Amino acid sequence: MACASLPTVYTARRSRFCGESLGLPAMLLRGGKSGVRCGLETKVSDMSVNAPKGLFPPEPELYRGPKLKVAIIGAGLAGMSTAVELLDQGHEVDIYESRSFIGGKVGSFIDKRGNHIEMGLHVFFGCYNNLFRLMKKVGADQNLLVKDHVHTFVNKGGEIGELDFRFPIGAPIHGVRAFLTTNQLQTYDKARNAFALATSPIVKALIDPEGAMKDIRGLDSISFSEWFLSKGGTRLSIQRMWDPVAYALGFIDCDNISARCMLTVFGFFATKTEASLLRMLKGSPDNFLSGPIQKYIISKGGRFHLRWGCRDIYFDKSIDGETYVTGLALSKATSKQTVQADAYVAACDVPGIKKLLPLKWRQWEAFDNIYKLVGVPVITVQLRYNGWVTELQDVEKSRQLRKVAGLDNLLYTPDADFSCFADLALTSPEDYYIEGQGSLIQAVLTPGDPYMPFPNEEIIDRVQKQVLSLFPSSQGLQVIWSSVVKIGQSLYREGPGMDPFRPDQRTPVKNFFLAGSYTKQDYIDSMEGATLSGRQAAAYICNSGEELAAIRKMLAAYEAPSIPKSTNTVDELTMV
């Protein structure tokens, strides 16, 4: 996001295996159930049926109020989601981003050698209804590759465990079967695991989704481990299965993540057949996610102003005693300008919004609560090999570079410091498969605290050794390129008792709004949460159209003295 602390970047079963006898072009053209599927099937769009209404806002009615000028700080997913909704309703939108690229935590860029560098590993659950809606709207609905409906665990020594949701009968039967037949847990642990889940609010979600969501919200004050163990679940189940999942969802383990966070997702898995089905982008986010959204925004008249950071929010009290934003102080290198609008949206992450908010605004509880939220450090490592690391069944195939080979899916592990990883050359081949080269392992170190002080060479060495411990058959393969991306504070730490501190998108300052996955919405801090927050922020702005227009006229007549004269107000419109 625009206001975030910038990341430090350093570059330096058989059906689940790809390329049995196929080169990449043939693999991509392969059809049928076992082939690569693109896009979003119609059945995915029915997630809102018999589901909590807060997660699926109705389509907005046509806006008939005055046209508003809206300034958005941050060109991440939340900011762009807000922009799309507002532009579709006929408003004027400008997005200001301090970085040289868009996308925020889902952004990517190309280094000097032509390698795509990502801010993190991006996986799309089947319950990402709001994000899929946005992708369809901007024409990016064919940019996802559907993976086998299996959650794969890679254990030390190359042993594979699975949660296999492939079953002719859908939810909840397919989920029950997956948990009862998984080889990732022993029989006793599976039985205790099943009992714990059977006594959870997710069962209630089958008949009363609103009531179940209310019950799940009520469990925010305890950790998932505390809840799970109290229901008869075992510690081994947590260690071998649920910790890797928790790390993948919220970057912290089950002892530290709120039960609300985990059960919100499990509620979908239990009640929606394809909620647990995973998709990944065809290639880099810049080309296949943020790029198409940017093009749509520009086609609708929206404007991106890159490298323009917000250094101050001007505000004043009017004669009615209310506080209003009167302008934004922006800077780009030595250039400065002041921007005024009818409505202002801060689409930042947690560290970014803390830096941006005026200290005087902490008099309001809604703003002061934000300072109780803390982000989780995350490190994303990319390792390019001269062979296929995840090919476990045929050593010869792992050494040749004519045909792709290995595991084409998101991979979890309980036996490494990275909780989830993938071979992007297989999962997202458009940008990450390179002829004559092998696997591109992208691994996420969560939480990244222990690794943050280490030099990139040591991080790469440690991750490489742990990859080898998971895939002994990769012994002898060499890393030919690598990168490390450090983000000091990524997702907010969704620990027990933190949900009440998440702010609403509407704030005590009537012409100032928030967007971001950390803000109040019924999903977790994620791509889906960011998209949903943008929809909610835009809805608040449209519902306040008449009032916002009146405030702008009042402020224009008042000519608040807190706004200084701009210096060098020529704004260069910059595109990625």
# chains A, B, ... in the order shown; residues from 1 in each chain; ligands from 1
>>> closest_atom_pairs(of="range 417-487 of chain A", to="range 273-295 of chain A", cutoff="7 Å", atoms="only C-alpha atoms", output="JSON lines")
{"residue": "A:Thr427", "atom": "CA", "partner": "A:Met280", "partner_atom": "CA", "distance": 6.6}
{"residue": "A:Ser428", "atom": "CA", "partner": "A:Lys282", "partner_atom": "CA", "distance": 4.4}
{"residue": "A:Pro429", "atom": "CA", "partner": "A:Gly283", "partner_atom": "CA", "distance": 6.0}
{"residue": "A:Glu430", "atom": "CA", "partner": "A:Gly283", "partner_atom": "CA", "distance": 4.8}
{"residue": "A:Asp431", "atom": "CA", "partner": "A:Gly283", "partner_atom": "CA", "distance": 4.7}
{"residue": "A:Tyr432", "atom": "CA", "partner": "A:Gly283", "partner_atom": "CA", "distance": 6.5}
>>> residues_around(residues="Pro66 in chain A", least_positions_apart="5", cutoff="12 Å", atoms="only C-alpha atoms", output="list of chain:residue names")
A:Gln89, A:Gly90, A:His91, A:Glu92, A:Asp342, A:Ile541, A:Cys542, A:Asn543, A:Ser544, A:Gly545, A:Glu546, A:Glu547, A:Leu548, A:Ala549, A:Ala550, A:Arg552
>>> write_last_selection(atoms="N, CA and C atoms", output="PDB file, in the first residue's frame")
ATOM      1  N   GLN A  89     -19.962   4.208 -10.606  1.00  0.00           N
ATOM      2  CA  GLN A  89     -21.102   5.043 -10.215  1.00  0.00           C
ATOM      3  C   GLN A  89     -20.953   6.476 -10.736  1.00  0.00           C
ATOM      4  N   GLY A  90     -19.947   6.694 -11.570  1.00  0.00           N
ATOM      5  CA  GLY A  90     -19.836   7.984 -12.234  1.00  0.00           C
ATOM      6  C   GLY A  90     -19.015   9.037 -11.525  1.00  0.00           C
ATOM      7  N   HIS A  91     -18.277   8.672 -10.488  1.00  0.00           N
ATOM      8  CA  HIS A  91     -17.490   9.657  -9.749  1.00  0.00           C
ATOM      9  C   HIS A  91     -16.114   9.864 -10.398  1.00  0.00           C
ATOM     10  N   GLU A  92     -15.436  10.914  -9.972  1.00  0.00           N
ATOM     11  CA  GLU A  92     -14.097  11.233 -10.442  1.00  0.00           C
ATOM     12  C   GLU A  92     -13.095  10.749  -9.395  1.00  0.00           C
ATOM     13  N   ASP A 342     -13.783  15.989  -2.667  1.00  0.00           N
ATOM     14  CA  ASP A 342     -15.023  15.902  -1.886  1.00  0.00           C
ATOM     15  C   ASP A 342     -14.923  14.824  -0.813  1.00  0.00           C
ATOM     16  N   ILE A 541     -19.383   6.121   0.789  1.00  0.00           N
ATOM     17  CA  ILE A 541     -19.218   7.397   0.081  1.00  0.00           C
ATOM     18  C   ILE A 541     -20.458   7.711  -0.753  1.00  0.00           C
ATOM     19  N   CYS A 542     -20.943   6.727  -1.490  1.00  0.00           N
ATOM     20  CA  CYS A 542     -22.131   6.949  -2.321  1.00  0.00           C
ATOM     21  C   CYS A 542     -23.359   7.259  -1.473  1.00  0.00           C
ATOM     22  N   ASN A 543     -23.498   6.598  -0.352  1.00  0.00           N
ATOM     23  CA  ASN A 543     -24.642   6.853   0.524  1.00  0.00           C
ATOM     24  C   ASN A 543     -24.578   8.237   1.164  1.00  0.00           C
ATOM     25  N   SER A 544     -23.379   8.837   1.162  1.00  0.00           N
ATOM     26  CA  SER A 544     -23.197  10.166   1.758  1.00  0.00           C
ATOM     27  C   SER A 544     -22.987  11.251   0.698  1.00  0.00           C
ATOM     28  N   GLY A 545     -23.361  10.953  -0.540  1.00  0.00           N
ATOM     29  CA  GLY A 545     -23.071  11.854  -1.642  1.00  0.00           C
ATOM     30  C   GLY A 545     -23.559  13.274  -1.444  1.00  0.00           C
ATOM     31  N   GLU A 546     -24.798  13.421  -1.072  1.00  0.00           N
ATOM     32  CA  GLU A 546     -25.363  14.760  -0.885  1.00  0.00           C
ATOM     33  C   GLU A 546     -24.635  15.510   0.228  1.00  0.00           C
ATOM     34  N   GLU A 547     -24.378  14.829   1.330  1.00  0.00           N
ATOM     35  CA  GLU A 547     -23.699  15.452   2.460  1.00  0.00           C
ATOM     36  C   GLU A 547     -22.268  15.842   2.104  1.00  0.00           C
ATOM     37  N   LEU A 548     -21.569  14.976   1.382  1.00  0.00           N
ATOM     38  CA  LEU A 548     -20.187  15.268   1.010  1.00  0.00           C
ATOM     39  C   LEU A 548     -20.098  16.464   0.066  1.00  0.00           C
ATOM     40  N   ALA A 549     -21.043  16.563  -0.856  1.00  0.00           N
ATOM     41  CA  ALA A 549     -21.061  17.715  -1.767  1.00  0.00           C
ATOM     42  C   ALA A 549     -21.316  19.004  -0.990  1.00  0.00           C
ATOM     43  N   ALA A 550     -22.204  18.935  -0.012  1.00  0.00           N
ATOM     44  CA  ALA A 550     -22.499  20.117   0.807  1.00  0.00           C
ATOM     45  C   ALA A 550     -21.285  20.514   1.649  1.00  0.00           C
ATOM     46  N   ARG A 552     -18.172  20.044   0.868  1.00  0.00           N
ATOM     47  CA  ARG A 552     -17.181  20.651  -0.033  1.00  0.00           C
ATOM     48  C   ARG A 552     -17.527  22.113  -0.309  1.00  0.00           C
TER      49      ARG A 552
END
>>> select_by_dssp(residues="range 364-465 of chain A", states="helix (DSSP H, G or I)", output="JSON, numbers by chain")
{"A": [365, 366, 367, 368, 369, 370, 371, 372, 395, 396, 397, 398, 399, 424, 425, 426, 427, 429, 430, 431, 432, 449, 450, 451, 456, 457, 458, 459, 460, 461, 462, 463, 464, 465]}
>>> closest_residue(among="A:Gln400, A:Ser490, A:Ser100, A:Ser318", to="His305 in chain A", atoms="only C-alpha atoms")
A:Ser100
>>> closest_atom_pairs(of="range 167-265 of chain A", to="range 111-134 of chain A", cutoff="12 Å", atoms="only C-alpha atoms", output="JSON lines")
{"residue": "A:Ala248", "atom": "CA", "partner": "A:Leu121", "partner_atom": "CA", "distance": 9.4}
{"residue": "A:Leu249", "atom": "CA", "partner": "A:Val123", "partner_atom": "CA", "distance": 10.1}
{"residue": "A:Phe251", "atom": "CA", "partner": "A:Gly120", "partner_atom": "CA", "distance": 11.5}
{"residue": "A:Thr264", "atom": "CA", "partner": "A:Cys127", "partner_atom": "CA", "distance": 10.9}
{"residue": "A:Val265", "atom": "CA", "partner": "A:Cys127", "partner_atom": "CA", "distance": 8.5}
>>> residues_around(residues="Tyr412 in chain A", least_positions_apart="5", cutoff="12 Å", atoms="only C-alpha atoms", output="VMD selection string")
chain A and resid 150 to 156 159 to 163 184 240 to 249 407 417 to 422 443 to 445 470
>>> write_last_selection(atoms="N, CA and C atoms", output="mmCIF file, in the first residue's frame")
data_model
loop_
_atom_site.group_PDB
_atom_site.id
_atom_site.type_symbol
_atom_site.label_atom_id
_atom_site.label_comp_id
_atom_site.auth_asym_id
_atom_site.auth_seq_id
_atom_site.Cartn_x
_atom_site.Cartn_y
_atom_site.Cartn_z
ATOM 1 N N VAL A 150 -7.164 -30.580 -3.852
ATOM 2 C CA VAL A 150 -6.407 -31.297 -2.827
ATOM 3 C C VAL A 150 -5.522 -30.291 -2.105
ATOM 4 N N HIS A 151 -5.477 -30.358 -0.789
ATOM 5 C CA HIS A 151 -4.526 -29.575 -0.019
ATOM 6 C C HIS A 151 -3.374 -30.513 0.348
ATOM 7 N N THR A 152 -2.188 -30.175 -0.143
ATOM 8 C CA THR A 152 -1.041 -31.077 -0.079
ATOM 9 C C THR A 152 -0.039 -30.636 0.983
ATOM 10 N N PHE A 153 0.360 -31.564 1.831
ATOM 11 C CA PHE A 153 1.360 -31.324 2.875
ATOM 12 C C PHE A 153 2.627 -32.094 2.516
ATOM 13 N N VAL A 154 3.739 -31.386 2.474
ATOM 14 C CA VAL A 154 5.026 -32.031 2.204
ATOM 15 C C VAL A 154 5.782 -32.141 3.528
ATOM 16 N N ASN A 155 6.034 -33.367 3.947
ATOM 17 C CA ASN A 155 6.716 -33.618 5.205
ATOM 18 C C ASN A 155 8.189 -33.943 4.963
ATOM 19 N N LYS A 156 8.961 -33.879 6.009
ATOM 20 C CA LYS A 156 10.391 -34.139 5.910
ATOM 21 C C LYS A 156 10.641 -35.502 5.271
ATOM 22 N N GLU A 159 7.733 -37.186 2.271
ATOM 23 C CA GLU A 159 6.449 -37.864 2.495
ATOM 24 C C GLU A 159 5.305 -36.881 2.270
ATOM 25 N N ILE A 160 4.312 -37.314 1.519
ATOM 26 C CA ILE A 160 3.193 -36.447 1.135
ATOM 27 C C ILE A 160 1.946 -36.803 1.943
ATOM 28 N N GLY A 161 1.340 -35.794 2.547
ATOM 29 C CA GLY A 161 0.044 -35.951 3.193
ATOM 30 C C GLY A 161 -0.990 -35.134 2.437
ATOM 31 N N GLU A 162 -2.220 -35.557 2.479
ATOM 32 C CA GLU A 162 -3.240 -34.875 1.683
ATOM 33 C C GLU A 162 -4.551 -34.695 2.439
ATOM 34 N N LEU A 163 -5.213 -33.599 2.142
ATOM 35 C CA LEU A 163 -6.640 -33.432 2.398
ATOM 36 C C LEU A 163 -7.286 -33.429 1.021
ATOM 37 N N GLN A 184 -2.286 -37.353 6.602
ATOM 38 C CA GLN A 184 -1.411 -36.411 7.308
ATOM 39 C C GLN A 184 -1.494 -36.606 8.815
ATOM 40 N N ARG A 240 0.842 -30.862 13.010
ATOM 41 C CA ARG A 240 1.050 -31.471 11.702
ATOM 42 C C ARG A 240 0.113 -30.933 10.622
ATOM 43 N N MET A 241 -1.030 -30.344 11.017
ATOM 44 C CA MET A 241 -1.970 -29.879 10.000
ATOM 45 C C MET A 241 -2.368 -28.421 10.166
ATOM 46 N N TRP A 242 -2.821 -28.047 11.350
ATOM 47 C CA TRP A 242 -3.444 -26.733 11.494
ATOM 48 C C TRP A 242 -2.459 -25.586 11.595
ATOM 49 N N ASP A 243 -1.276 -25.818 12.159
ATOM 50 C CA ASP A 243 -0.286 -24.739 12.186
ATOM 51 C C ASP A 243 0.122 -24.298 10.777
ATOM 52 N N PRO A 244 0.444 -25.220 9.862
ATOM 53 C CA PRO A 244 0.762 -24.774 8.507
ATOM 54 C C PRO A 244 -0.366 -23.988 7.856
ATOM 55 N N VAL A 245 -1.615 -24.395 8.116
ATOM 56 C CA VAL A 245 -2.757 -23.681 7.548
ATOM 57 C C VAL A 245 -2.882 -22.292 8.169
ATOM 58 N N ALA A 246 -2.703 -22.224 9.492
ATOM 59 C CA ALA A 246 -2.778 -20.930 10.179
ATOM 60 C C ALA A 246 -1.699 -19.972 9.680
ATOM 61 N N TYR A 247 -0.491 -20.499 9.502
ATOM 62 C CA TYR A 247 0.592 -19.665 8.969
ATOM 63 C C TYR A 247 0.243 -19.151 7.576
ATOM 64 N N ALA A 248 -0.370 -19.999 6.766
ATOM 65 C CA ALA A 248 -0.736 -19.597 5.413
ATOM 66 C C ALA A 248 -1.829 -18.534 5.422
ATOM 67 N N LEU A 249 -2.766 -18.620 6.365
ATOM 68 C CA LEU A 249 -3.881 -17.680 6.414
ATOM 69 C C LEU A 249 -3.496 -16.357 7.068
ATOM 70 N N LEU A 407 5.045 -30.961 -8.539
ATOM 71 C CA LEU A 407 3.758 -30.730 -7.886
ATOM 72 C C LEU A 407 3.196 -29.369 -8.291
ATOM 73 N N ASP A 417 10.648 -23.708 8.139
ATOM 74 C CA ASP A 417 10.306 -22.377 8.639
ATOM 75 C C ASP A 417 9.382 -21.629 7.690
ATOM 76 N N PHE A 418 9.243 -22.121 6.474
ATOM 77 C CA PHE A 418 8.240 -21.569 5.568
ATOM 78 C C PHE A 418 7.021 -22.489 5.601
ATOM 79 N N SER A 419 5.862 -21.908 5.893
ATOM 80 C CA SER A 419 4.654 -22.701 6.111
ATOM 81 C C SER A 419 4.022 -23.153 4.807
ATOM 82 N N CYS A 420 4.127 -22.336 3.781
ATOM 83 C CA CYS A 420 3.533 -22.674 2.498
ATOM 84 C C CYS A 420 4.467 -22.217 1.386
ATOM 85 N N PHE A 421 4.392 -22.911 0.272
ATOM 86 C CA PHE A 421 5.274 -22.599 -0.844
ATOM 87 C C PHE A 421 4.687 -23.202 -2.107
ATOM 88 N N ALA A 422 5.278 -22.877 -3.239
ATOM 89 C CA ALA A 422 4.821 -23.405 -4.519
ATOM 90 C C ALA A 422 5.956 -23.305 -5.520
ATOM 91 N N ALA A 443 8.801 -19.394 -1.407
ATOM 92 C CA ALA A 443 8.493 -19.826 -0.049
ATOM 93 C C ALA A 443 8.277 -18.607 0.835
ATOM 94 N N VAL A 444 7.337 -18.725 1.767
ATOM 95 C CA VAL A 444 6.981 -17.624 2.653
ATOM 96 C C VAL A 444 7.405 -17.959 4.080
ATOM 97 N N LEU A 445 8.348 -17.201 4.612
ATOM 98 C CA LEU A 445 8.812 -17.381 5.989
ATOM 99 C C LEU A 445 7.894 -16.610 6.920
ATOM 100 N N LEU A 470 12.958 -31.448 2.608
ATOM 101 C CA LEU A 470 11.612 -31.849 2.189
ATOM 102 C C LEU A 470 11.645 -32.673 0.914
#
>>> residues_around(residues="Asp522 in chain A", least_positions_apart="4", cutoff="10 Å", atoms="only C-alpha atoms", output="list in words")
Pro52, Lys53, Gly54, Leu55, Phe56, Met213, Arg217, Arg260, Cys261, Thr264, Asp499, Gly529, Leu532 and Ser533 of chain A
